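Undergrad: I'd like to ask you about the structure that follows.
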Amino acid sequence: MHFIHRTVLATAVALTAFSAVAKPDVTAITKQLSTIGLTPSSITASPMAGINEVVTERGVIYTSDDGQYFLAGHLYQNTGAEPVNLTEQKMAQLNKAKLAGMDKDMIVYPAKNEKYVVTVFTDTSCGYCRKLHNEMQGYNDAGITVRYLAFPRGGERSSNFNQMSAIWGAKDRVKAMHDAKSGTFDESKITPRPDLVMEQYQLGVAMGVNGTPAIVLEDGTMIPGYQPPAALLQLLDSKAKS
């Protein structure tokens, strides 16, 4: 009996030592993920032993050291007063970096007395996107500048893909967007820019957008869905104070 206890104890110690020194097998993880169409851009150890954080073109996932197991979801740290969403924090950092340099192709509705800037992935066929647009003056009056990026929800297969390509091809994109969301846009004489729309759509996919409107704050945090001006201002004020 004593021999069994000693054997179990020795095995536990050995396994603990192994997990402490184990490192992710980058080659194996990359190969395993390729079978499901994912390409890692970075593979690093997560705060959880034996689990690795993998950044891909479609977001963050978590894998075992050998890549044979993976988790798609959010990782939380539960050591403080409230759980901290580590995945959301990581995605915010990535999103902020991805948006850098995209401002030249955004359609911007500036606030006169700007306090905050949000970037909205929008689709002209989306009812809540039109609702948001119809309240643009409310956002601007609240000191919120709104910047649009294109996200036709079905990609190139979207029924309004050509319309959105024409908006980004228009000389006056601000007016074109307003007309499209008002139902008065004439795209017949405009040279479209499907390249810009696809670039922005693919960016949205990489950032985890799966519906519109998707509102991205200046720190990269994404707020899915429509937010009325007052509610969005309250959220932005609360984040500024935290």
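Quick note on naming: the chains in the structure tokens go A, B, ... in the order shown, residues restart at 1 in each chain, and ligands are numbered from 1 in order of appearance.
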Name the residues in contact with stretch 46-48 of chain A at a cut-off of 9 Å, using only C-alpha atoms, excluding same-chain residues fewer than 6 positions from it; report them as a list in words.
TA: Val54, Tyr62 and Gln77 of chain A
Undergrad: Let's have the selection written as a PDB file, in the first residue's frame, with C-alpha atoms.
TA:
ATOM      1  CA  VAL A  54      -3.518  31.635 -30.739  1.00  0.00           C
ATOM      2  CA  TYR A  62      -6.973  28.507 -27.361  1.00  0.00           C
ATOM      3  CA  GLN A  77      -9.438  35.583 -15.025  1.00  0.00           C
TER       4      GLN A  77
END
Undergrad: Skip stretch 176-179 of chain A itself and residues of its chain fewer than 4 positions away, then list as a CSV table (one decimal) with N, CA, C and O atoms, in the first residue's frame all residues within 10 Å of it, counting only C-alpha atoms.
TA:
chain,number,residue,atom,x,y,z
A,107,ILE,N,-16.0,56.8,-43.9
A,107,ILE,CA,-17.0,57.9,-44.2
A,107,ILE,C,-17.3,58.5,-42.8
A,107,ILE,O,-17.8,57.8,-42.0
A,124,THR,N,-25.9,48.9,-45.6
A,124,THR,CA,-27.1,49.7,-46.0
A,124,THR,C,-28.4,49.0,-46.0
A,124,THR,O,-29.5,49.6,-46.1
A,130,ARG,N,-29.8,51.7,-40.4
A,130,ARG,CA,-30.5,52.9,-40.9
A,130,ARG,C,-31.0,53.7,-39.7
A,130,ARG,O,-31.0,54.9,-39.7
A,133,HIS,N,-28.2,55.6,-38.4
A,133,HIS,CA,-27.9,56.7,-39.2
A,133,HIS,C,-28.9,57.8,-39.1
A,133,HIS,O,-28.5,59.0,-39.2
A,134,ASN,N,-30.1,57.5,-39.0
A,134,ASN,CA,-31.2,58.5,-38.8
A,134,ASN,C,-31.0,59.3,-37.5
A,134,ASN,O,-31.6,60.4,-37.4
A,148,TYR,N,-17.7,55.4,-40.5
A,148,TYR,CA,-18.2,54.2,-41.1
A,148,TYR,C,-17.2,53.4,-41.9
A,148,TYR,O,-16.4,53.9,-42.6
A,163,GLN,N,-24.2,48.3,-54.5
A,163,GLN,CA,-24.5,49.6,-54.0
A,163,GLN,C,-23.5,50.2,-53.0
A,163,GLN,O,-23.1,51.3,-53.1
A,164,MET,N,-23.0,49.3,-52.1
A,164,MET,CA,-22.0,49.8,-51.2
A,164,MET,C,-20.7,50.1,-51.9
A,164,MET,O,-19.9,51.0,-51.5
A,166,ALA,N,-20.5,51.3,-54.8
A,166,ALA,CA,-20.7,52.6,-55.5
A,166,ALA,C,-20.6,53.7,-54.5
A,166,ALA,O,-20.1,54.8,-54.8
A,167,ILE,N,-21.1,53.5,-53.2
A,167,ILE,CA,-20.9,54.5,-52.2
A,167,ILE,C,-19.5,54.9,-52.0
A,167,ILE,O,-19.1,56.0,-51.9
A,168,TRP,N,-18.6,53.8,-51.9
A,168,TRP,CA,-17.2,54.1,-51.7
A,168,TRP,C,-16.5,54.6,-52.9
A,168,TRP,O,-15.4,55.0,-52.9
A,169,GLY,N,-17.2,54.5,-54.1
A,169,GLY,CA,-16.6,55.1,-55.3
A,169,GLY,C,-17.1,56.5,-55.6
A,169,GLY,O,-16.6,57.1,-56.5
A,170,ALA,N,-18.1,56.9,-54.8
A,170,ALA,CA,-18.6,58.3,-55.0
A,170,ALA,C,-17.7,59.4,-54.6
A,170,ALA,O,-16.8,59.2,-53.7
A,171,LYS,N,-17.7,60.5,-55.3
A,171,LYS,CA,-16.9,61.7,-55.0
A,171,LYS,C,-17.3,62.2,-53.6
A,171,LYS,O,-16.4,62.6,-52.8
A,172,ASP,N,-18.6,62.2,-53.3
A,172,ASP,CA,-19.1,62.7,-52.0
A,172,ASP,C,-19.6,61.5,-51.3
A,172,ASP,O,-20.8,61.2,-51.4
A,183,GLY,N,-32.8,55.7,-49.2
A,183,GLY,CA,-33.5,55.1,-50.3
A,183,GLY,C,-33.5,55.9,-51.6
A,183,GLY,O,-34.3,55.6,-52.5
A,184,THR,N,-32.6,56.9,-51.7
A,184,THR,CA,-32.6,57.8,-52.8
A,184,THR,C,-31.3,57.8,-53.6
A,184,THR,O,-31.1,58.6,-54.4
A,185,PHE,N,-30.5,56.8,-53.4
A,185,PHE,CA,-29.1,56.8,-54.0
A,185,PHE,C,-29.2,56.2,-55.4
A,185,PHE,O,-29.7,55.2,-55.7
A,186,ASP,N,-28.6,57.0,-56.3
A,186,ASP,CA,-28.5,56.6,-57.7
A,186,ASP,C,-27.0,56.2,-58.0
A,186,ASP,O,-26.1,57.0,-58.1
A,187,GLU,N,-26.8,54.9,-58.2
A,187,GLU,CA,-25.4,54.4,-58.4
A,187,GLU,C,-25.0,54.2,-59.8
A,187,GLU,O,-23.9,53.8,-60.1
Undergrad: As number ranges by chain, please: every residue in stretch 2-239 of chain A that a backbone DSSP assignment puts in strand (DSSP E).
TA: A: 40-45, 51-56, 59-64, 70-71, 76-77, 84-85, 107-109, 116-122, 144-150, 214-216, 222-224
Undergrad: How close does stretch 148-233 of chain A get to stretch 100-106 of chain A? List, as a Markdown table, each residue of stretch 148-233 of chain A within 10 Å, its nearest atom pair and the distance in Å to one decimal, counting only C-alpha atoms.
TA:
| residue | atom | partner | partner_atom | distance |
| --- | --- | --- | --- | --- |
| A:Tyr148 | CA | A:Met106 | CA | 5.4 |
| A:Leu149 | CA | A:Met106 | CA | 5.6 |
| A:Ala150 | CA | A:Met106 | CA | 8.5 |
| A:Trp168 | CA | A:Asp105 | CA | 8.0 |
| A:Arg173 | CA | A:Met106 | CA | 9.1 |
| A:Val174 | CA | A:Met106 | CA | 9.6 |
| A:Leu196 | CA | A:Asp105 | CA | 7.7 |
| A:Val197 | CA | A:Asp105 | CA | 9.6 |
| A:Glu199 | CA | A:Met102 | CA | 9.9 |
| A:Gln200 | CA | A:Met102 | CA | 8.6 |
| A:Leu203 | CA | A:Met102 | CA | 9.8 |
Undergrad: Mind checking which residues fall within 12 Å of A:Gln93, counting only C-alpha atoms, ignoring those fewer than 6 positions away in the same chain, and posting them as number ranges by chain?
TA: A: 55, 59-60, 86-87, 99-100, 207, 216-222
Undergrad: Pull all heavy atoms from the residues just selected and write them as an mmCIF file, in the first residue's frame.
TA:
data_model
loop_
_atom_site.group_PDB
_atom_site.id
_atom_site.type_symbol
_atom_site.label_atom_id
_atom_site.label_comp_id
_atom_site.auth_asym_id
_atom_site.auth_seq_id
_atom_site.Cartn_x
_atom_site.Cartn_y
_atom_site.Cartn_z
ATOM 1 N N VAL A 55 -3.639 33.681 -32.015
ATOM 2 C CA VAL A 55 -4.293 34.739 -32.781
ATOM 3 C C VAL A 55 -4.358 34.290 -34.227
ATOM 4 O O VAL A 55 -3.338 33.922 -34.824
ATOM 5 C CB VAL A 55 -3.522 36.070 -32.663
ATOM 6 C CG1 VAL A 55 -4.185 37.146 -33.523
ATOM 7 C CG2 VAL A 55 -3.459 36.520 -31.203
ATOM 8 N N GLY A 59 -9.862 35.713 -35.368
ATOM 9 C CA GLY A 59 -9.995 35.963 -33.944
ATOM 10 C C GLY A 59 -9.042 35.134 -33.105
ATOM 11 O O GLY A 59 -8.085 34.550 -33.611
ATOM 12 N N VAL A 60 -9.337 35.071 -31.803
ATOM 13 C CA VAL A 60 -8.480 34.384 -30.843
ATOM 14 C C VAL A 60 -9.110 33.050 -30.446
ATOM 15 O O VAL A 60 -10.302 32.987 -30.137
ATOM 16 C CB VAL A 60 -8.273 35.243 -29.577
ATOM 17 C CG1 VAL A 60 -7.458 34.493 -28.528
ATOM 18 C CG2 VAL A 60 -7.586 36.556 -29.934
ATOM 19 N N LEU A 86 -10.285 38.171 -20.484
ATOM 20 C CA LEU A 86 -8.962 38.329 -21.087
ATOM 21 C C LEU A 86 -9.029 38.281 -22.610
ATOM 22 O O LEU A 86 -8.260 38.959 -23.300
ATOM 23 C CB LEU A 86 -8.019 37.236 -20.585
ATOM 24 C CG LEU A 86 -7.773 37.202 -19.073
ATOM 25 C CD1 LEU A 86 -6.819 36.067 -18.718
ATOM 26 C CD2 LEU A 86 -7.210 38.539 -18.578
ATOM 27 N N THR A 87 -9.960 37.502 -23.152
ATOM 28 C CA THR A 87 -10.102 37.405 -24.606
ATOM 29 C C THR A 87 -10.575 38.736 -25.176
ATOM 30 O O THR A 87 -10.063 39.201 -26.200
ATOM 31 C CB THR A 87 -11.096 36.296 -24.975
ATOM 32 O OG1 THR A 87 -10.725 35.086 -24.318
ATOM 33 C CG2 THR A 87 -11.119 36.067 -26.479
ATOM 34 N N LEU A 99 -7.317 48.855 -36.976
ATOM 35 C CA LEU A 99 -7.981 50.062 -37.482
ATOM 36 C C LEU A 99 -6.990 51.161 -37.837
ATOM 37 O O LEU A 99 -7.339 52.090 -38.575
ATOM 38 C CB LEU A 99 -8.977 50.592 -36.451
ATOM 39 C CG LEU A 99 -10.276 49.799 -36.304
ATOM 40 C CD1 LEU A 99 -11.140 50.411 -35.204
ATOM 41 C CD2 LEU A 99 -11.051 49.767 -37.622
ATOM 42 N N ALA A 100 -5.780 51.065 -37.324
ATOM 43 C CA ALA A 100 -4.777 52.096 -37.606
ATOM 44 C C ALA A 100 -4.510 52.139 -39.106
ATOM 45 O O ALA A 100 -4.256 51.127 -39.744
ATOM 46 C CB ALA A 100 -3.489 51.786 -36.852
ATOM 47 N N MET A 207 -11.847 41.044 -37.255
ATOM 48 C CA MET A 207 -12.066 41.662 -35.953
ATOM 49 C C MET A 207 -13.202 41.016 -35.180
ATOM 50 O O MET A 207 -13.480 41.393 -34.052
ATOM 51 C CB MET A 207 -12.331 43.163 -36.135
ATOM 52 C CG MET A 207 -11.111 43.942 -36.592
ATOM 53 S SD MET A 207 -11.443 45.696 -36.980
ATOM 54 C CE MET A 207 -12.072 46.319 -35.413
ATOM 55 N N VAL A 216 -17.122 50.039 -32.744
ATOM 56 C CA VAL A 216 -15.796 49.841 -32.165
ATOM 57 C C VAL A 216 -15.355 51.136 -31.493
ATOM 58 O O VAL A 216 -15.338 52.195 -32.121
ATOM 59 C CB VAL A 216 -14.758 49.434 -33.238
ATOM 60 C CG1 VAL A 216 -13.422 49.103 -32.578
ATOM 61 C CG2 VAL A 216 -15.262 48.248 -34.045
ATOM 62 N N LEU A 217 -15.012 51.039 -30.211
ATOM 63 C CA LEU A 217 -14.581 52.214 -29.457
ATOM 64 C C LEU A 217 -13.107 52.492 -29.734
ATOM 65 O O LEU A 217 -12.405 51.690 -30.356
ATOM 66 C CB LEU A 217 -14.827 51.982 -27.961
ATOM 67 C CG LEU A 217 -16.232 51.500 -27.566
ATOM 68 C CD1 LEU A 217 -16.368 51.493 -26.044
ATOM 69 C CD2 LEU A 217 -17.322 52.352 -28.200
ATOM 70 N N GLU A 218 -12.636 53.620 -29.254
ATOM 71 C CA GLU A 218 -11.266 54.038 -29.549
ATOM 72 C C GLU A 218 -10.222 53.078 -28.986
ATOM 73 O O GLU A 218 -9.116 52.966 -29.531
ATOM 74 C CB GLU A 218 -11.025 55.454 -29.026
ATOM 75 C CG GLU A 218 -11.759 56.527 -29.830
ATOM 76 C CD GLU A 218 -11.559 57.922 -29.268
ATOM 77 O OE1 GLU A 218 -12.365 58.333 -28.400
ATOM 78 O OE2 GLU A 218 -10.599 58.599 -29.687
ATOM 79 N N ASP A 219 -10.548 52.365 -27.909
ATOM 80 C CA ASP A 219 -9.591 51.416 -27.340
ATOM 81 C C ASP A 219 -9.660 50.049 -28.011
ATOM 82 O O ASP A 219 -8.944 49.124 -27.645
ATOM 83 C CB ASP A 219 -9.790 51.271 -25.828
ATOM 84 C CG ASP A 219 -11.120 50.614 -25.461
ATOM 85 O OD1 ASP A 219 -11.955 50.363 -26.359
ATOM 86 O OD2 ASP A 219 -11.337 50.348 -24.257
ATOM 87 N N GLY A 220 -10.541 49.909 -29.023
ATOM 88 C CA GLY A 220 -10.674 48.653 -29.747
ATOM 89 C C GLY A 220 -11.793 47.761 -29.251
ATOM 90 O O GLY A 220 -12.094 46.737 -29.872
ATOM 91 N N THR A 221 -12.426 48.121 -28.137
ATOM 92 C CA THR A 221 -13.553 47.342 -27.624
ATOM 93 C C THR A 221 -14.707 47.385 -28.617
ATOM 94 O O THR A 221 -15.044 48.450 -29.134
ATOM 95 C CB THR A 221 -14.033 47.885 -26.273
ATOM 96 O OG1 THR A 221 -12.951 47.839 -25.342
ATOM 97 C CG2 THR A 221 -15.203 47.079 -25.730
ATOM 98 N N MET A 222 -15.324 46.234 -28.866
ATOM 99 C CA MET A 222 -16.436 46.182 -29.806
ATOM 100 C C MET A 222 -17.760 46.042 -29.071
ATOM 101 O O MET A 222 -17.905 45.199 -28.179
ATOM 102 C CB MET A 222 -16.264 45.029 -30.790
ATOM 103 C CG MET A 222 -17.328 45.016 -31.890
ATOM 104 S SD MET A 222 -17.052 43.688 -33.096
ATOM 105 C CE MET A 222 -15.461 44.168 -33.771
#
Undergrad: Just the number, please: distance in Å from atom CA of A:Thr39 to atom CA of A:Gly225, one decimal.
TA: 28.3 Å
Undergrad: What's the 7 Å shell around A:Ser64, counting only C-alpha atoms, without same-chain residues fewer than 6 positions away, as a ChimeraX atom specification?
TA: /A:50-52,70
Undergrad: Could you tell me how far atom CA of A:Ser125 sits from atom CA of A:Pro152, in Å to one decimal place?
TA: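 Pair atom CA of A:Pro152 / atom CA of A:Ser125 returns 8.0 Å.
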